[in-house]
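Text of the file structure-v2.pdb, holding PDB, C-alpha atoms, pLDDT in the B column:
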```pdb
MODEL        1
ATOM      1  CA  MET A   1     105.127 162.457 122.104  1.00 41.00           C
ATOM      2  CA  ALA A   2     104.012 163.561 125.563  1.00 52.00           C
ATOM      3  CA  MET A   3     105.822 161.976 128.496  1.00 87.00           C
ATOM      4  CA  ILE A   4     102.515 160.862 130.060  1.00 92.00           C
ATOM      5  CA  ARG A   5      99.388 160.251 128.007  1.00 91.00           C
ATOM      6  CA  PHE A   6      95.888 159.005 128.845  1.00 90.00           C
ATOM      7  CA  GLU A   7      94.034 157.203 126.067  1.00 88.00           C
ATOM      8  CA  ASN A   8      91.186 154.639 126.015  1.00 87.00           C
ATOM      9  CA  ASP A   9      91.334 154.017 129.784  1.00 84.00           C
ATOM     10  CA  ALA A  10      95.092 153.338 129.572  1.00 90.00           C
ATOM     11  CA  ILE A  11      98.047 155.363 130.784  1.00 91.00           C
ATOM     12  CA  GLU A  12     101.201 155.576 128.689  1.00 93.00           C
ATOM     13  CA  VAL A  13     104.396 156.763 130.375  1.00 94.00           C
ATOM     14  CA  ASP A  14     107.548 157.384 128.367  1.00 94.00           C
ATOM     15  CA  ALA A  15     110.203 154.771 129.217  1.00 94.00           C
ATOM     16  CA  ALA A  16     112.824 157.530 129.506  1.00 94.00           C
ATOM     17  CA  LEU A  17     110.873 159.112 132.374  1.00 94.00           C
ATOM     18  CA  ILE A  18     110.579 155.794 134.237  1.00 95.00           C
ATOM     19  CA  ALA A  19     114.226 154.908 133.557  1.00 95.00           C
ATOM     20  CA  ASP A  20     115.462 158.270 134.813  1.00 93.00           C
ATOM     21  CA  GLY A  21     113.533 157.914 138.056  1.00 93.00           C
ATOM     22  CA  LEU A  22     114.594 154.321 138.685  1.00 95.00           C
ATOM     23  CA  GLY A  23     118.208 154.743 137.629  1.00 93.00           C
ATOM     24  CA  ILE A  24     118.189 152.303 134.707  1.00 94.00           C
ATOM     25  CA  ALA A  25     118.576 152.554 130.934  1.00 95.00           C
ATOM     26  CA  PRO A  26     115.398 153.388 128.971  1.00 94.00           C
ATOM     27  CA  GLU A  27     115.802 150.305 126.774  1.00 96.00           C
ATOM     28  CA  GLN A  28     115.575 148.093 129.888  1.00 96.00           C
ATOM     29  CA  VAL A  29     112.180 149.383 131.042  1.00 96.00           C
ATOM     30  CA  GLN A  30     109.826 147.377 128.829  1.00 95.00           C
ATOM     31  CA  ALA A  31     111.538 144.031 129.426  1.00 96.00           C
ATOM     32  CA  ALA A  32     111.804 144.707 133.164  1.00 97.00           C
ATOM     33  CA  MET A  33     108.067 145.420 133.319  1.00 96.00           C
ATOM     34  CA  ARG A  34     107.221 142.258 131.387  1.00 96.00           C
ATOM     35  CA  GLU A  35     109.434 140.209 133.711  1.00 97.00           C
ATOM     36  CA  GLY A  36     107.942 141.800 136.833  1.00 96.00           C
ATOM     37  CA  ARG A  37     111.189 143.490 137.895  1.00 96.00           C
ATOM     38  CA  ILE A  38     109.383 146.840 137.578  1.00 97.00           C
ATOM     39  CA  THR A  39     105.891 146.987 139.025  1.00 96.00           C
ATOM     40  CA  SER A  40     103.479 149.890 139.194  1.00 95.00           C
ATOM     41  CA  ILE A  41     100.402 151.223 140.917  1.00 95.00           C
ATOM     42  CA  CYS A  42      97.984 153.902 139.693  1.00 95.00           C
ATOM     43  CA  GLU A  43      95.810 155.768 142.174  1.00 95.00           C
ATOM     44  CA  ARG A  44      93.049 158.195 141.203  1.00 94.00           C
ATOM     45  CA  GLY A  45      92.655 161.333 143.305  1.00 95.00           C
ATOM     46  CA  ILE A  46      89.391 161.983 145.141  1.00 95.00           C
ATOM     47  CA  ASP A  47      87.872 164.989 146.905  1.00 96.00           C
ATOM     48  CA  GLU A  48      90.402 167.854 146.777  1.00 94.00           C
ATOM     49  CA  ASP A  49      92.717 165.675 144.636  1.00 93.00           C
ATOM     50  CA  ALA A  50      90.050 164.869 142.027  1.00 94.00           C
ATOM     51  CA  GLY A  51      91.415 165.114 138.506  1.00 93.00           C
ATOM     52  CA  THR A  52      94.885 163.912 139.478  1.00 95.00           C
ATOM     53  CA  PHE A  53      96.597 160.541 139.409  1.00 95.00           C
ATOM     54  CA  ARG A  54      99.501 159.160 141.411  1.00 96.00           C
ATOM     55  CA  LEU A  55     101.644 156.765 139.381  1.00 96.00           C
ATOM     56  CA  THR A  56     104.182 154.775 141.387  1.00 97.00           C
ATOM     57  CA  PHE A  57     106.872 152.553 139.881  1.00 96.00           C
ATOM     58  CA  PHE A  58     108.962 150.103 141.925  1.00 95.00           C
ATOM     59  CA  ALA A  59     112.238 148.441 140.907  1.00 94.00           C
ATOM     60  CA  GLY A  60     114.208 146.702 143.615  1.00 89.00           C
ATOM     61  CA  GLU A  61     114.762 149.267 146.345  1.00 89.00           C
ATOM     62  CA  ARG A  62     113.906 152.279 144.154  1.00 93.00           C
ATOM     63  CA  ARG A  63     110.512 153.979 144.016  1.00 95.00           C
ATOM     64  CA  LEU A  64     109.467 156.616 141.486  1.00 96.00           C
ATOM     65  CA  ARG A  65     106.261 158.495 142.275  1.00 96.00           C
ATOM     66  CA  LEU A  66     104.625 160.852 139.779  1.00 96.00           C
ATOM     67  CA  THR A  67     101.560 162.950 140.497  1.00 96.00           C
ATOM     68  CA  VAL A  68      99.978 164.038 137.229  1.00 95.00           C
ATOM     69  CA  SER A  69      96.896 165.871 135.998  1.00 94.00           C
ATOM     70  CA  ALA A  70      94.299 164.150 133.818  1.00 89.00           C
ATOM     71  CA  THR A  71      95.960 165.828 130.827  1.00 90.00           C
ATOM     72  CA  GLY A  72      99.323 164.224 131.649  1.00 90.00           C
ATOM     73  CA  GLU A  73     100.981 167.315 133.115  1.00 91.00           C
ATOM     74  CA  ALA A  74     103.506 166.342 135.796  1.00 90.00           C
ATOM     75  CA  LEU A  75     102.622 168.105 139.046  1.00 93.00           C
ATOM     76  CA  ARG A  76     105.074 166.397 141.416  1.00 95.00           C
ATOM     77  CA  ARG A  77     107.848 163.841 141.153  1.00 94.00           C
ATOM     78  CA  SER A  78     109.860 162.007 143.775  1.00 95.00           C
ATOM     79  CA  THR A  79     112.370 159.186 143.778  1.00 93.00           C
ATOM     80  CA  VAL A  80     113.399 157.398 146.951  1.00 92.00           C
ATOM     81  CA  THR A  81     115.228 154.284 148.022  1.00 88.00           C
ATOM     82  CA  VAL A  82     113.053 152.053 150.189  1.00 77.00           C
ATOM     83  CA  ARG A  83     114.126 149.198 152.421  1.00 72.00           C
ATOM     84  CA  GLU A  84     111.859 146.550 150.952  1.00 64.00           C
ATOM     85  CA  PRO A  85     109.698 146.767 147.837  1.00 56.00           C
ATOM     86  CA  PRO A  86     105.991 146.173 148.526  1.00 61.00           C
ATOM     87  CA  THR A  87     104.483 142.791 147.813  1.00 67.00           C
ATOM     88  CA  ALA A  88     101.299 142.256 145.840  1.00 63.00           C
ATOM     89  CA  PRO A  89      98.169 141.845 148.007  1.00 62.00           C
TER      90      PRO A  89
ENDMDL
END
```

Could you quickly redo this structure as structure tokens?
Amino acid sequence: MAMIRFENDAIEVDAALIADGLGIAPEQVQAAMREGRITSICERGIDEDAGTFRLTFFAGERRLRLTVSATGEALRRSTVTVREPPTAP
């Protein structure tokens, strides 16, 4: 299975990829997302970034950001520790 897959207007990201970036065990990812301990944002590129997506995952003070092509190819990846996780608008 591909690490990142687009299908029927949904994005599927392998739990191992998220876990690695957030410093948790892969088997914890799904439950943490359901419980709201991991949140995410998907942004679609425009203009010169058209055809790319930025997927950001937050867990506590950790942030994983993936920039991927529309075919799921990882273009960039970064993990940082932030002072305060963002709040929902």

Expanded to explicit residues, what is the PyMOL selection byres ((chain A and resi 16) around 10) for this file, as a short mmCIF file (atom, residue, chain, number, x, y, z; two decimals) with C-alpha atoms, in the frame of the given file?
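What follows is the written file selection-v9.cif:
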```
data_model
loop_
_atom_site.label_atom_id
_atom_site.label_comp_id
_atom_site.auth_asym_id
_atom_site.auth_seq_id
_atom_site.Cartn_x
_atom_site.Cartn_y
_atom_site.Cartn_z
CA MET A 3 105.82 161.98 128.50
CA VAL A 13 104.40 156.76 130.38
CA ASP A 14 107.55 157.38 128.37
CA ALA A 15 110.20 154.77 129.22
CA LEU A 17 110.87 159.11 132.37
CA ILE A 18 110.58 155.79 134.24
CA ALA A 19 114.23 154.91 133.56
CA ASP A 20 115.46 158.27 134.81
CA GLY A 21 113.53 157.91 138.06
CA LEU A 22 114.59 154.32 138.68
CA ILE A 24 118.19 152.30 134.71
CA ALA A 25 118.58 152.55 130.93
CA PRO A 26 115.40 153.39 128.97
CA GLU A 27 115.80 150.30 126.77
CA GLN A 28 115.58 148.09 129.89
CA VAL A 29 112.18 149.38 131.04
#
```

Practice problem: Would you mind telling me which residue in A:Val82, A:Met33, A:Ala50, A:Ile41 lies nearest to Ser69 of chain A when using all atoms listed in the file? | Solution: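 Under the stated criterion, the closest residue is A:Ala50.
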
Exercise. Would you please work out which residue, of A:Val80, A:Leu64, A:Leu55, A:Ile4, is nearest to Cys42 of chain A when using only C-alpha atoms?
Key: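 Smallest distance to Cys42 of chain A is found for A:Leu55.
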
Practice problem: Give as a ChimeraX atom specification every residue, naming chains and numbers as the document does, that has an atom within 9 Å of (105.3, 163.8, 136.8), counting all atoms listed in the file. | Solution: /A:3-4,17,54-55,65-69,72-78

Can you write just those residues out, C-alpha atoms, as a PDB file, in the frame of the given file?
```pdb
ATOM      1  CA  MET A   3     105.822 161.976 128.496  1.00 87.00           C
ATOM      2  CA  ILE A   4     102.515 160.862 130.060  1.00 92.00           C
ATOM      3  CA  LEU A  17     110.873 159.112 132.374  1.00 94.00           C
ATOM      4  CA  ARG A  54      99.501 159.160 141.411  1.00 96.00           C
ATOM      5  CA  LEU A  55     101.644 156.765 139.381  1.00 96.00           C
ATOM      6  CA  ARG A  65     106.261 158.495 142.275  1.00 96.00           C
ATOM      7  CA  LEU A  66     104.625 160.852 139.779  1.00 96.00           C
ATOM      8  CA  THR A  67     101.560 162.950 140.497  1.00 96.00           C
ATOM      9  CA  VAL A  68      99.978 164.038 137.229  1.00 95.00           C
ATOM     10  CA  SER A  69      96.896 165.871 135.998  1.00 94.00           C
ATOM     11  CA  GLY A  72      99.323 164.224 131.649  1.00 90.00           C
ATOM     12  CA  GLU A  73     100.981 167.315 133.115  1.00 91.00           C
ATOM     13  CA  ALA A  74     103.506 166.342 135.796  1.00 90.00           C
ATOM     14  CA  LEU A  75     102.622 168.105 139.046  1.00 93.00           C
ATOM     15  CA  ARG A  76     105.074 166.397 141.416  1.00 95.00           C
ATOM     16  CA  ARG A  77     107.848 163.841 141.153  1.00 94.00           C
ATOM     17  CA  SER A  78     109.860 162.007 143.775  1.00 95.00           C
TER      18      SER A  78
END
```

Exercise. Calculate how many Å separate atom CA of Glu12 of chain A from atom CA of Thr56 of chain A, rounding to one decimal.
Key: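 Atom CA of Thr56 of chain A lies 13.1 Å from atom CA of Glu12 of chain A.
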
Just so I have it separately, write segment 7-46 of chain A from the block I sent, keeping C-alpha atoms, as an mmCIF file, in the first residue's frame.
```
data_model
loop_
_atom_site.group_PDB
_atom_site.id
_atom_site.type_symbol
_atom_site.label_atom_id
_atom_site.label_comp_id
_atom_site.auth_asym_id
_atom_site.auth_seq_id
_atom_site.Cartn_x
_atom_site.Cartn_y
_atom_site.Cartn_z
ATOM 1 C CA GLU A 7 -9.357 8.157 -3.504
ATOM 2 C CA ASN A 8 -12.981 9.361 -3.827
ATOM 3 C CA ASP A 9 -12.211 12.854 -2.479
ATOM 4 C CA ALA A 10 -10.517 11.343 0.600
ATOM 5 C CA ILE A 11 -6.876 11.222 1.614
ATOM 6 C CA GLU A 12 -5.455 8.111 3.253
ATOM 7 C CA VAL A 13 -2.146 8.411 5.101
ATOM 8 C CA ASP A 14 -0.399 5.348 6.486
ATOM 9 C CA ALA A 15 -0.477 5.385 10.306
ATOM 10 C CA ALA A 16 3.227 4.468 10.389
ATOM 11 C CA LEU A 17 4.091 7.709 8.575
ATOM 12 C CA ILE A 18 2.025 9.818 10.992
ATOM 13 C CA ALA A 19 3.358 7.932 14.027
ATOM 14 C CA ASP A 20 6.967 8.367 12.936
ATOM 15 C CA GLY A 21 6.526 12.107 12.514
ATOM 16 C CA LEU A 22 4.698 12.603 15.807
ATOM 17 C CA GLY A 23 6.863 10.270 17.862
ATOM 18 C CA ILE A 24 4.164 7.770 18.838
ATOM 19 C CA ALA A 25 3.439 4.109 18.116
ATOM 20 C CA PRO A 26 1.550 3.378 14.869
ATOM 21 C CA GLU A 27 -1.151 1.449 16.734
ATOM 22 C CA GLN A 28 -1.980 4.604 18.734
ATOM 23 C CA VAL A 29 -2.719 6.805 15.712
ATOM 24 C CA GLN A 30 -6.288 5.777 14.893
ATOM 25 C CA ALA A 31 -7.551 5.985 18.477
ATOM 26 C CA ALA A 32 -5.760 9.298 19.036
ATOM 27 C CA MET A 33 -7.433 10.746 15.936
ATOM 28 C CA ARG A 34 -10.865 9.525 17.024
ATOM 29 C CA GLU A 35 -10.346 11.044 20.476
ATOM 30 C CA GLY A 36 -9.122 14.350 19.038
ATOM 31 C CA ARG A 37 -5.597 14.011 20.451
ATOM 32 C CA ILE A 38 -4.303 14.098 16.858
ATOM 33 C CA THR A 39 -5.857 16.701 14.596
ATOM 34 C CA SER A 40 -5.110 17.495 10.979
ATOM 35 C CA ILE A 41 -5.453 20.104 8.279
ATOM 36 C CA CYS A 42 -5.298 19.628 4.501
ATOM 37 C CA GLU A 43 -4.474 22.567 2.253
ATOM 38 C CA ARG A 44 -4.635 22.472 -1.544
ATOM 39 C CA GLY A 45 -1.915 24.304 -3.459
ATOM 40 C CA ILE A 46 -2.842 27.143 -5.810
#
```
